[in-house]
$ cat target-v8.cif   # mmCIF, C-alpha atoms (C1' of nucleotides)
data_protein
#
loop_
_atom_site.group_PDB
_atom_site.id
_atom_site.type_symbol
_atom_site.label_atom_id
_atom_site.label_comp_id
_atom_site.auth_asym_id
_atom_site.auth_seq_id
_atom_site.Cartn_x
_atom_site.Cartn_y
_atom_site.Cartn_z
ATOM 1 C CA MET A 1 -1.781 9.922 -16.040
ATOM 2 C CA SER A 2 -2.768 10.165 -19.667
ATOM 3 C CA HIS A 3 -5.433 7.474 -19.385
ATOM 4 C CA LEU A 4 -7.278 9.335 -16.683
ATOM 5 C CA GLU A 5 -9.664 12.203 -16.770
ATOM 6 C CA GLU A 6 -8.407 15.589 -15.747
ATOM 7 C CA PRO A 7 -8.700 15.975 -11.996
ATOM 8 C CA PRO A 8 -11.351 18.320 -10.704
ATOM 9 C CA ARG A 9 -9.700 21.585 -9.825
ATOM 10 C CA ALA A 10 -9.791 22.249 -6.119
ATOM 11 C CA GLU A 11 -11.906 25.323 -5.740
ATOM 12 C CA ALA A 12 -10.775 26.920 -2.570
ATOM 13 C CA VAL A 13 -13.336 28.892 -0.627
ATOM 14 C CA GLY A 14 -10.977 30.450 1.808
ATOM 15 C CA ARG A 15 -8.579 28.109 3.541
ATOM 16 C CA TRP A 16 -11.208 26.021 5.203
ATOM 17 C CA GLU A 17 -13.408 24.580 2.517
ATOM 18 C CA ALA A 18 -12.628 23.309 -0.941
ATOM 19 C CA ILE A 19 -15.606 22.281 -3.022
ATOM 20 C CA ARG A 20 -13.971 19.824 -5.375
ATOM 21 C CA VAL A 21 -11.146 17.818 -3.920
ATOM 22 C CA ARG A 22 -9.005 14.975 -5.205
ATOM 23 C CA LEU A 23 -7.941 12.841 -2.245
ATOM 24 C CA ALA A 24 -5.325 10.082 -2.523
ATOM 25 C CA THR A 25 -3.605 7.495 -0.369
ATOM 26 C CA TRP A 26 -0.387 5.632 -1.213
ATOM 27 C CA ASN A 27 1.953 3.341 0.667
ATOM 28 C CA VAL A 28 5.188 4.455 -1.014
ATOM 29 C CA ASN A 29 7.549 1.958 0.673
ATOM 30 C CA SER A 30 10.220 4.598 1.452
ATOM 31 C CA VAL A 31 9.631 8.205 0.460
ATOM 32 C CA LYS A 32 13.332 8.643 -0.296
ATOM 33 C CA ALA A 33 13.604 5.633 -2.611
ATOM 34 C CA ARG A 34 10.293 6.652 -4.200
ATOM 35 C CA LEU A 35 10.901 10.399 -4.487
ATOM 36 C CA PRO A 36 11.254 10.531 -8.293
ATOM 37 C CA ARG A 37 8.146 8.390 -8.741
ATOM 38 C CA LEU A 38 6.244 10.375 -6.095
ATOM 39 C CA LEU A 39 7.042 13.763 -7.623
ATOM 40 C CA GLU A 40 6.189 12.492 -11.095
ATOM 41 C CA TRP A 41 2.915 11.048 -9.845
ATOM 42 C CA LEU A 42 1.910 14.212 -7.954
ATOM 43 C CA ASP A 43 2.559 16.244 -11.093
ATOM 44 C CA GLU A 44 0.417 13.942 -13.233
ATOM 45 C CA ALA A 45 -2.445 12.934 -10.929
ATOM 46 C CA LYS A 46 -2.589 16.354 -9.248
ATOM 47 C CA PRO A 47 -4.240 15.247 -6.007
ATOM 48 C CA ASP A 48 -5.123 17.992 -3.525
ATOM 49 C CA ILE A 49 -4.701 15.869 -0.402
ATOM 50 C CA VAL A 50 -2.327 12.891 -0.195
ATOM 51 C CA CYS A 51 -1.942 10.348 2.598
ATOM 52 C CA LEU A 52 1.425 8.582 2.524
ATOM 53 C CA GLN A 53 2.486 5.494 4.456
ATOM 54 C CA GLU A 54 5.801 3.739 5.060
ATOM 55 C CA ILE A 55 7.871 6.856 4.485
ATOM 56 C CA LYS A 56 10.677 4.918 6.253
ATOM 57 C CA THR A 57 12.504 8.028 7.364
ATOM 58 C CA THR A 58 12.440 10.573 10.151
ATOM 59 C CA THR A 59 10.227 13.634 10.268
ATOM 60 C CA ALA A 60 13.324 15.805 9.837
ATOM 61 C CA LEU A 61 14.576 13.923 6.780
ATOM 62 C CA PHE A 62 11.280 13.981 4.871
ATOM 63 C CA PRO A 63 11.939 15.617 1.455
ATOM 64 C CA GLU A 64 9.689 18.538 2.308
ATOM 65 C CA ALA A 65 11.255 21.163 0.013
ATOM 66 C CA GLU A 66 10.729 19.042 -3.103
ATOM 67 C CA VAL A 67 7.080 18.504 -2.215
ATOM 68 C CA ASN A 68 6.580 22.168 -1.238
ATOM 69 C CA GLU A 69 7.737 23.097 -4.713
ATOM 70 C CA LEU A 70 4.722 21.326 -6.179
ATOM 71 C CA GLY A 71 2.430 23.407 -3.987
ATOM 72 C CA TYR A 72 1.870 21.097 -1.020
ATOM 73 C CA GLU A 73 2.156 21.738 2.666
ATOM 74 C CA VAL A 74 3.536 18.738 4.550
ATOM 75 C CA ALA A 75 2.849 17.069 7.885
ATOM 76 C CA ALA A 76 5.351 14.227 8.251
ATOM 77 C CA HIS A 77 5.555 11.826 11.177
ATOM 78 C CA GLY A 78 8.450 9.393 11.047
ATOM 79 C CA ASP A 79 10.880 7.924 13.515
ATOM 80 C CA GLY A 80 13.421 6.179 11.340
ATOM 81 C CA ARG A 81 13.901 2.844 9.737
ATOM 82 C CA TRP A 82 10.354 1.489 9.544
ATOM 83 C CA ASN A 83 6.822 2.840 9.442
ATOM 84 C CA GLY A 84 6.251 6.553 9.126
ATOM 85 C CA VAL A 85 3.277 8.442 7.655
ATOM 86 C CA ALA A 86 2.670 11.857 6.122
ATOM 87 C CA LEU A 87 -0.032 14.182 4.833
ATOM 88 C CA LEU A 88 0.402 16.494 1.850
ATOM 89 C CA SER A 89 -2.165 19.168 1.101
ATOM 90 C CA SER A 90 -2.612 22.033 -1.329
ATOM 91 C CA VAL A 91 -5.907 23.060 0.301
ATOM 92 C CA GLY A 92 -4.677 23.906 3.798
ATOM 93 C CA LEU A 93 -3.148 21.775 6.540
ATOM 94 C CA ASP A 94 -4.170 22.632 10.063
ATOM 95 C CA ASP A 95 -4.611 21.116 13.507
ATOM 96 C CA VAL A 96 -2.038 18.388 12.879
ATOM 97 C CA SER A 97 -2.149 15.363 15.192
ATOM 98 C CA LEU A 98 0.918 13.115 15.375
ATOM 99 C CA GLY A 99 -0.595 9.810 16.423
ATOM 100 C CA PHE A 100 -4.025 9.477 18.031
ATOM 101 C CA PRO A 101 -5.046 9.559 21.701
ATOM 102 C CA GLY A 102 -4.617 6.126 23.289
ATOM 103 C CA GLN A 103 -2.495 4.786 20.423
ATOM 104 C CA PRO A 104 -0.746 1.698 21.813
ATOM 105 C CA SER A 105 2.979 1.001 21.675
ATOM 106 C CA TYR A 106 4.380 -2.314 20.577
ATOM 107 C CA ALA A 107 5.321 -4.299 23.666
ATOM 108 C CA GLY A 108 6.145 -7.632 22.038
ATOM 109 C CA GLU A 109 9.394 -9.491 21.687
ATOM 110 C CA GLU A 110 11.284 -6.424 20.589
ATOM 111 C CA ALA A 111 10.481 -4.565 23.766
ATOM 112 C CA GLU A 112 12.779 -6.850 25.685
ATOM 113 C CA LEU A 113 15.638 -5.637 23.550
ATOM 114 C CA THR A 114 15.061 -1.962 24.191
ATOM 115 C CA LEU A 115 16.717 0.007 26.936
ATOM 116 C CA ILE A 116 13.372 1.266 28.113
ATOM 117 C CA ASP A 117 11.899 -1.131 30.653
ATOM 118 C CA GLU A 118 8.923 0.975 31.594
ATOM 119 C CA PRO A 119 6.141 0.247 29.077
ATOM 120 C CA ASP A 120 4.543 3.635 29.692
ATOM 121 C CA LEU A 121 7.689 5.376 28.490
ATOM 122 C CA ARG A 122 7.775 3.608 25.145
ATOM 123 C CA LYS A 123 6.734 5.917 22.360
ATOM 124 C CA PRO A 124 3.976 4.769 20.030
ATOM 125 C CA GLU A 125 5.265 3.977 16.565
ATOM 126 C CA ALA A 126 4.808 6.578 13.807
ATOM 127 C CA ARG A 127 1.717 5.063 12.240
ATOM 128 C CA ALA A 128 -0.902 7.821 12.253
ATOM 129 C CA VAL A 129 -1.077 11.483 11.328
ATOM 130 C CA GLY A 130 -4.219 13.569 11.130
ATOM 131 C CA ALA A 131 -4.982 17.100 9.962
ATOM 132 C CA SER A 132 -7.759 19.320 8.675
ATOM 133 C CA CYS A 133 -7.403 19.941 4.937
ATOM 134 C CA GLY A 134 -9.860 21.883 2.800
ATOM 135 C CA GLY A 135 -12.678 21.406 5.288
ATOM 136 C CA ILE A 136 -12.083 17.678 5.699
ATOM 137 C CA ARG A 137 -10.526 15.957 8.688
ATOM 138 C CA VAL A 138 -8.063 13.491 7.141
ATOM 139 C CA TRP A 139 -6.031 10.659 8.679
ATOM 140 C CA SER A 140 -3.147 8.754 7.121
ATOM 141 C CA LEU A 141 -2.775 5.365 8.829
ATOM 142 C CA TYR A 142 -0.295 2.534 8.642
ATOM 143 C CA VAL A 143 -1.839 -0.299 10.630
ATOM 144 C CA PRO A 144 0.605 -2.848 12.144
ATOM 145 C CA ASN A 145 1.193 -5.900 9.954
ATOM 146 C CA GLY A 146 0.551 -8.567 12.575
ATOM 147 C CA ARG A 147 3.197 -10.912 11.123
ATOM 148 C CA THR A 148 1.549 -14.205 12.116
ATOM 149 C CA PRO A 149 -1.704 -14.892 13.981
ATOM 150 C CA GLU A 150 0.292 -16.490 16.828
ATOM 151 C CA SER A 151 2.603 -13.518 17.334
ATOM 152 C CA ALA A 152 2.628 -10.701 19.864
ATOM 153 C CA HIS A 153 2.535 -8.396 16.866
ATOM 154 C CA TYR A 154 -0.889 -9.746 15.918
ATOM 155 C CA VAL A 155 -2.179 -8.983 19.424
ATOM 156 C CA TYR A 156 -0.709 -5.507 19.032
ATOM 157 C CA LYS A 157 -2.476 -5.114 15.694
ATOM 158 C CA LEU A 158 -5.866 -5.889 17.232
ATOM 159 C CA GLU A 159 -5.186 -3.594 20.200
ATOM 160 C CA TRP A 160 -4.186 -0.888 17.743
ATOM 161 C CA PHE A 161 -7.490 -1.272 15.887
ATOM 162 C CA ALA A 162 -9.454 -1.142 19.139
ATOM 163 C CA ALA A 163 -7.732 2.078 20.188
ATOM 164 C CA LEU A 164 -8.252 3.497 16.711
ATOM 165 C CA ARG A 165 -11.961 2.781 16.943
ATOM 166 C CA THR A 166 -12.207 4.765 20.177
ATOM 167 C CA ALA A 167 -10.205 7.634 18.708
ATOM 168 C CA LEU A 168 -12.301 7.739 15.527
ATOM 169 C CA GLU A 169 -15.523 7.753 17.518
ATOM 170 C CA ALA A 170 -14.291 10.987 19.110
ATOM 171 C CA GLU A 171 -13.150 12.341 15.745
ATOM 172 C CA LEU A 172 -16.588 11.694 14.241
ATOM 173 C CA SER A 173 -18.228 13.605 17.065
ATOM 174 C CA GLN A 174 -16.048 16.600 16.175
ATOM 175 C CA HIS A 175 -15.868 16.368 12.380
ATOM 176 C CA ALA A 176 -18.779 15.507 10.081
ATOM 177 C CA GLN A 177 -16.349 15.472 7.165
ATOM 178 C CA LEU A 178 -13.894 12.702 8.009
ATOM 179 C CA ALA A 179 -11.700 10.586 5.718
ATOM 180 C CA VAL A 180 -9.591 7.798 7.227
ATOM 181 C CA CYS A 181 -7.143 6.540 4.645
ATOM 182 C CA GLY A 182 -4.153 4.280 4.469
ATOM 183 C CA ASP A 183 -2.683 0.823 4.603
ATOM 184 C CA PHE A 184 -5.031 -1.089 6.903
ATOM 185 C CA ASN A 185 -3.182 -4.375 6.398
ATOM 186 C CA VAL A 186 -6.493 -6.259 6.248
ATOM 187 C CA ALA A 187 -8.298 -7.574 3.175
ATOM 188 C CA PRO A 188 -11.982 -6.927 4.009
ATOM 189 C CA THR A 189 -13.341 -9.985 2.152
ATOM 190 C CA ASP A 190 -12.098 -13.091 0.354
ATOM 191 C CA ASP A 191 -12.689 -11.225 -2.913
ATOM 192 C CA ASP A 192 -9.963 -8.830 -1.808
ATOM 193 C CA VAL A 193 -7.187 -11.425 -2.131
ATOM 194 C CA TRP A 194 -6.175 -13.113 -5.370
ATOM 195 C CA ASP A 195 -6.480 -16.617 -3.931
ATOM 196 C CA PRO A 196 -8.063 -17.170 -0.495
ATOM 197 C CA LYS A 197 -6.466 -20.638 -0.283
ATOM 198 C CA VAL A 198 -3.015 -19.050 -0.208
ATOM 199 C CA PHE A 199 -3.914 -17.000 2.853
ATOM 200 C CA VAL A 200 -5.193 -19.761 5.117
ATOM 201 C CA ASN A 201 -3.520 -19.344 8.515
ATOM 202 C CA SER A 202 -2.165 -15.962 7.489
ATOM 203 C CA THR A 203 -2.767 -12.500 8.841
ATOM 204 C CA HIS A 204 -4.790 -9.936 6.844
ATOM 205 C CA VAL A 205 -7.779 -12.269 6.421
ATOM 206 C CA THR A 206 -8.550 -13.609 9.896
ATOM 207 C CA PRO A 207 -12.034 -13.067 11.356
ATOM 208 C CA PRO A 208 -10.788 -10.842 14.216
ATOM 209 C CA GLU A 209 -9.000 -8.537 11.770
ATOM 210 C CA ARG A 210 -12.051 -8.324 9.529
ATOM 211 C CA GLN A 211 -14.221 -7.718 12.591
ATOM 212 C CA ALA A 212 -11.941 -4.810 13.508
ATOM 213 C CA LEU A 213 -12.728 -3.245 10.126
ATOM 214 C CA ALA A 214 -16.429 -3.946 10.590
ATOM 215 C CA ASP A 215 -16.259 -2.210 13.976
ATOM 216 C CA LEU A 216 -14.861 0.894 12.261
ATOM 217 C CA ARG A 217 -17.613 0.827 9.652
ATOM 218 C CA ALA A 218 -20.165 0.477 12.448
ATOM 219 C CA LEU A 219 -19.105 3.932 13.647
ATOM 220 C CA GLY A 220 -20.619 5.294 10.450
ATOM 221 C CA LEU A 221 -17.672 4.976 8.085
ATOM 222 C CA THR A 222 -18.119 3.804 4.493
ATOM 223 C CA ASP A 223 -15.571 1.736 2.591
ATOM 224 C CA VAL A 224 -15.033 3.752 -0.605
ATOM 225 C CA VAL A 225 -14.194 0.874 -2.944
ATOM 226 C CA PRO A 226 -12.144 2.104 -5.911
ATOM 227 C CA LYS A 227 -12.431 0.936 -9.513
ATOM 228 C CA PRO A 228 -9.660 -1.481 -10.447
ATOM 229 C CA MET A 229 -8.990 0.043 -13.915
ATOM 230 C CA LYS A 230 -8.093 -3.455 -15.091
ATOM 231 C CA GLY A 231 -9.266 -6.891 -13.997
ATOM 232 C CA PRO A 232 -12.157 -7.691 -11.676
ATOM 233 C CA HIS A 233 -10.514 -6.854 -8.337
ATOM 234 C CA PRO A 234 -9.507 -3.414 -7.042
ATOM 235 C CA PHE A 235 -6.236 -4.671 -5.608
ATOM 236 C CA THR A 236 -3.839 -2.104 -4.182
ATOM 237 C CA TYR A 237 -0.833 -4.284 -3.293
ATOM 238 C CA TRP A 238 1.131 -6.854 -5.255
ATOM 239 C CA ASP A 239 4.224 -8.612 -3.892
ATOM 240 C CA TYR A 240 7.448 -7.685 -5.657
ATOM 241 C CA ARG A 241 8.274 -11.387 -6.029
ATOM 242 C CA ALA A 242 7.355 -13.975 -8.635
ATOM 243 C CA GLY A 243 5.800 -11.553 -11.102
ATOM 244 C CA ALA A 244 2.790 -11.086 -8.853
ATOM 245 C CA PHE A 245 1.765 -7.794 -10.452
ATOM 246 C CA ALA A 246 1.874 -9.155 -13.998
ATOM 247 C CA LYS A 247 -0.345 -12.035 -12.884
ATOM 248 C CA ASP A 248 -2.605 -9.684 -10.882
ATOM 249 C CA GLN A 249 -1.908 -11.704 -7.753
ATOM 250 C CA GLY A 250 -2.752 -8.857 -5.429
ATOM 251 C CA MET A 251 -4.631 -7.797 -2.338
ATOM 252 C CA ARG A 252 -6.920 -4.886 -1.455
ATOM 253 C CA ILE A 253 -5.493 -3.723 1.840
ATOM 254 C CA ASP A 254 -5.264 0.030 1.271
ATOM 255 C CA LEU A 255 -8.606 1.569 2.130
ATOM 256 C CA VAL A 256 -10.489 4.852 2.286
ATOM 257 C CA TYR A 257 -13.059 4.952 5.071
ATOM 258 C CA ALA A 258 -15.298 7.987 4.716
ATOM 259 C CA SER A 259 -17.884 9.537 6.998
ATOM 260 C CA GLN A 260 -21.369 9.826 5.498
ATOM 261 C CA ALA A 261 -20.815 13.483 4.612
ATOM 262 C CA VAL A 262 -17.655 12.638 2.689
ATOM 263 C CA ALA A 263 -19.067 9.447 1.134
ATOM 264 C CA ASP A 264 -21.972 11.501 -0.239
ATOM 265 C CA ARG A 265 -19.463 13.695 -2.111
ATOM 266 C CA VAL A 266 -17.652 10.851 -3.922
ATOM 267 C CA THR A 267 -17.850 11.251 -7.712
ATOM 268 C CA GLY A 268 -15.222 8.658 -8.582
ATOM 269 C CA ALA A 269 -12.548 6.406 -7.116
ATOM 270 C CA TYR A 270 -9.885 4.292 -8.778
ATOM 271 C CA VAL A 271 -6.661 2.402 -8.181
ATOM 272 C CA ASP A 272 -3.861 3.963 -10.189
ATOM 273 C CA ARG A 273 -2.136 0.744 -11.226
ATOM 274 C CA GLU A 274 0.036 2.674 -13.705
ATOM 275 C CA ALA A 275 2.054 3.795 -10.683
ATOM 276 C CA ARG A 276 2.822 0.132 -9.908
ATOM 277 C CA LYS A 277 4.509 -0.337 -13.301
ATOM 278 C CA GLY A 278 7.893 0.724 -14.602
ATOM 279 C CA LYS A 279 11.197 1.382 -12.902
ATOM 280 C CA GLY A 280 11.412 1.448 -9.132
ATOM 281 C CA PRO A 281 7.735 1.249 -8.151
ATOM 282 C CA SER A 282 6.309 0.837 -4.679
ATOM 283 C CA ASP A 283 4.675 -2.549 -4.104
ATOM 284 C CA HIS A 284 1.427 -0.627 -3.452
ATOM 285 C CA ALA A 285 -0.575 1.469 -5.942
ATOM 286 C CA PRO A 286 -2.240 4.772 -5.020
ATOM 287 C CA ILE A 287 -5.996 5.092 -4.550
ATOM 288 C CA VAL A 288 -7.518 8.300 -5.902
ATOM 289 C CA VAL A 289 -10.920 9.552 -4.738
ATOM 290 C CA ASP A 290 -12.647 12.569 -6.262
ATOM 291 C CA LEU A 291 -15.065 14.558 -4.110
ATOM 292 C CA ASP A 292 -17.533 17.240 -5.130
ATOM 293 C "C1'" DA B 1 2.179 -9.695 -18.312
ATOM 294 C "C1'" DT B 2 4.883 -3.908 -18.847
ATOM 295 C "C1'" DG B 3 8.849 -7.576 -16.282
ATOM 296 C "C1'" DC B 4 9.493 -12.484 -12.026
ATOM 297 C "C1'" DC B 5 11.889 -8.755 -4.279
ATOM 298 C "C1'" DT B 6 12.917 -4.246 -1.973
ATOM 299 C "C1'" DT B 7 14.291 -1.250 1.756
ATOM 300 C "C1'" DA B 8 17.293 0.799 5.515
ATOM 301 C "C1'" DT B 9 20.722 -0.040 8.565
ATOM 302 C "C1'" DT B 10 24.133 -1.230 13.921
ATOM 303 C "C1'" DT B 11 25.824 -3.120 5.684
ATOM 304 C "C1'" DC B 12 29.092 -7.893 2.479
ATOM 305 C "C1'" DA B 13 24.032 -9.804 6.652
ATOM 306 C "C1'" DT B 14 19.667 -9.061 8.713
ATOM 307 C "C1'" DA B 15 14.862 -7.862 9.746
ATOM 308 C "C1'" DA B 16 10.629 -6.570 7.977
ATOM 309 C "C1'" DG B 17 7.179 -6.451 4.758
ATOM 310 C "C1'" DA B 18 2.076 -9.139 3.740
#

$ encode --input "target-v8.cif" --output "structure tokens"
Amino acid sequence: MSHLEEPPRAEAVGRWEAIRVRLATWNVNSVKARLPRLLEWLDEAKPDIVCLQEIKTTTALFPEAEVNELGYEVAAHGDGRWNGVALLSSVGLDDVSLGFPGQPSYAGEEAELTLIDEPDLRKPEARAVGASCGGIRVWSLYVPNGRTPESAHYVYKLEWFAALRTALEAELSQHAQLAVCGDFNVAPTDDDVWDPKVFVNSTHVTPPERQALADLRALGLTDVVPKPMKGPHPFTYWDYRAGAFAKDQGMRIDLVYASQAVADRVTGAYVDREARKGKGPSDHAPIVVDLD
DNA sequence: ATGCCTTATTTCATAAGA
């Protein structure tokens, strides 16, 4: 992006540690529909590690060759129509985890429609992928939406957060350098939505959801709040409808939660709202975090 | 204000998103 400073060059020290790293997270809302925009953005922003969410395709159909050509290794985790996450890295990609231990499956209304009656046999949805990249343990997460506070999906969302907390506690015991990135589907505070009155009785702002985030931070994770580039709020999502982006009617629901060792390395963080403009954008903008 | 929904699929209708 022409308005941005040149990214710090990743200085690889072997495969395992890169001194200066540009880390990004982006809910692309279909990696296939977004491929031209994604490739263009990778070429311009030049991140070293990228967490993608809502790839909306299968692992096998991820456009890996196109991304490889730009110098990234790929760990994709997708099971079809919805969800799906991926990690791209130019600084090594090792010890890939598809999902996390104890990750719950959705057992709400939809489960009654499936052919699998045994809850234990239901596969968890493709909402988490982890890997070690350039000396950092990185997770790309797509937290369940929750739909409405009365729904089974909301219960699932809170269970998902609780299981995530347990998994991240174990991750932190193994990896001092940990970055948990993605679409958390929760606005941490009222300042993180364009108008709190609009969200009364909605998901994304309820006290239990915000407590779930607080419980993650209590593990020792820091919310790396990006600069908004424009306007007072670092929103990362704007609805496609009603000109929400033009009016900056957005939400901050995409987050980077960093361990202390990673948080201490942050030299800059911003929301790349340029990627939300133009033809065929995602409804989310990428977050870019520079580490030294 | 950088353009007033978009996506994938069991498609000309629906479910999901947040």

$ residues_around --input "target-v8.cif" --residues "DA15 in chain B" --least-positions-apart "6" --cutoff "12 Å" --atoms "all atoms listed in the file" --output "PyMOL selection string"
(chain A and resi 81-82+110) or (chain B and resi 7-9)

$ residues_around --input "target-v8.cif" --residues "Phe245 in chain A" --least-positions-apart "2" --cutoff "10 Å" --atoms "only C-alpha atoms (C1' of nucleotides)" --output "ChimeraX atom specification"
/A:235,237-243,247-250,273,276-277,283 /B:1-4

$ atom_distance --input "target-v8.cif" --atom1 "CA of Asn83 in chain A" --atom2 "CA of Ala128 in chain A"
9.6 Å

$ resolve_selection --input "target-v8.cif" --expression "the PyMOL selection byres ((chain A and resi 218) around 12)" --output "NGL selection string"
:A and (165-166 or 168-169 or 172 or 211-217 or 219-223 or 257-260)

$ axis_aligned_box --input "target-v8.cif" --around "range 25-38 of chain A" --padding-each-side "3 Å" --output "lines of an AutoDock Vina configuration file"
center_x = 5.0
center_y = 6.2
center_z = -3.6
size_x = 23.2
size_y = 14.6
size_z = 16.2

$ resolve_selection --input "target-v8.cif" --expression "the PyMOL selection byres ((chain A and resi 93) around 12)" --output "PyMOL selection string"
chain A and resi 15-17+48-50+72-76+86-92+94-97+129-139

$ residues_around --input "target-v8.cif" --residues "range 141-152 of chain A" --least-positions-apart "3" --cutoff "6 Å" --atoms "all atoms listed in the file" --output "NGL selection string"
:A and (53 or 108 or 127-128 or 155 or 157 or 182-185 or 203)

$ atom_distance --input "target-v8.cif" --atom1 "CA of Ala107 in chain A" --atom2 "CA of Asn27 in chain A"
24.5 Å

$ atom_distance --input "target-v8.cif" --atom1 "CA of Asp195 in chain A" --atom2 "CA of Ala244 in chain A"
11.9 Å

$ resolve_selection --input "target-v8.cif" --expression "the PyMOL selection byres ((chain A and resi 177) around 6)" --output "list in words"
Ile136, His175, Ala176, Leu178, Ala261 and Val262 of chain A

$ residues_near_point --input "target-v8.cif" --point "(7.9, 2.6, 17.4)" --cutoff "7 Å" --atoms "all atoms listed in the file" --output "list in words"
Ser105, Tyr106, Lys123, Pro124, Glu125 and Ala126 of chain A

$ write_last_selection --input "target-v8.cif" --atoms "C-alpha atoms" --output "PDB file, in the coordinates of the input"
ATOM      1  CA  SER A 105       2.979   1.001  21.675  1.00  0.00           C
ATOM      2  CA  TYR A 106       4.380  -2.314  20.577  1.00  0.00           C
ATOM      3  CA  LYS A 123       6.734   5.917  22.360  1.00  0.00           C
ATOM      4  CA  PRO A 124       3.976   4.769  20.030  1.00  0.00           C
ATOM      5  CA  GLU A 125       5.265   3.977  16.565  1.00  0.00           C
ATOM      6  CA  ALA A 126       4.808   6.578  13.807  1.00  0.00           C
TER       7      ALA A 126
END

$ closest_residue --input "target-v8.cif" --among "A:Leu61, A:Pro207, A:Arg20, A:Phe199" --to "chain B" --atoms "all atoms listed in the file"
A:Phe199

$ closest_residue --input "target-v8.cif" --among "A:Ile19, A:Val224, A:Leu42, A:Val289" --to "Glu66 in chain A" --atoms "only C-alpha atoms"
A:Leu42

$ closest_residue --input "target-v8.cif" --among "A:Gly268, A:Gly80, A:Pro104, A:Pro286" --to "chain B" --atoms "all atoms listed in the file"
A:Gly80
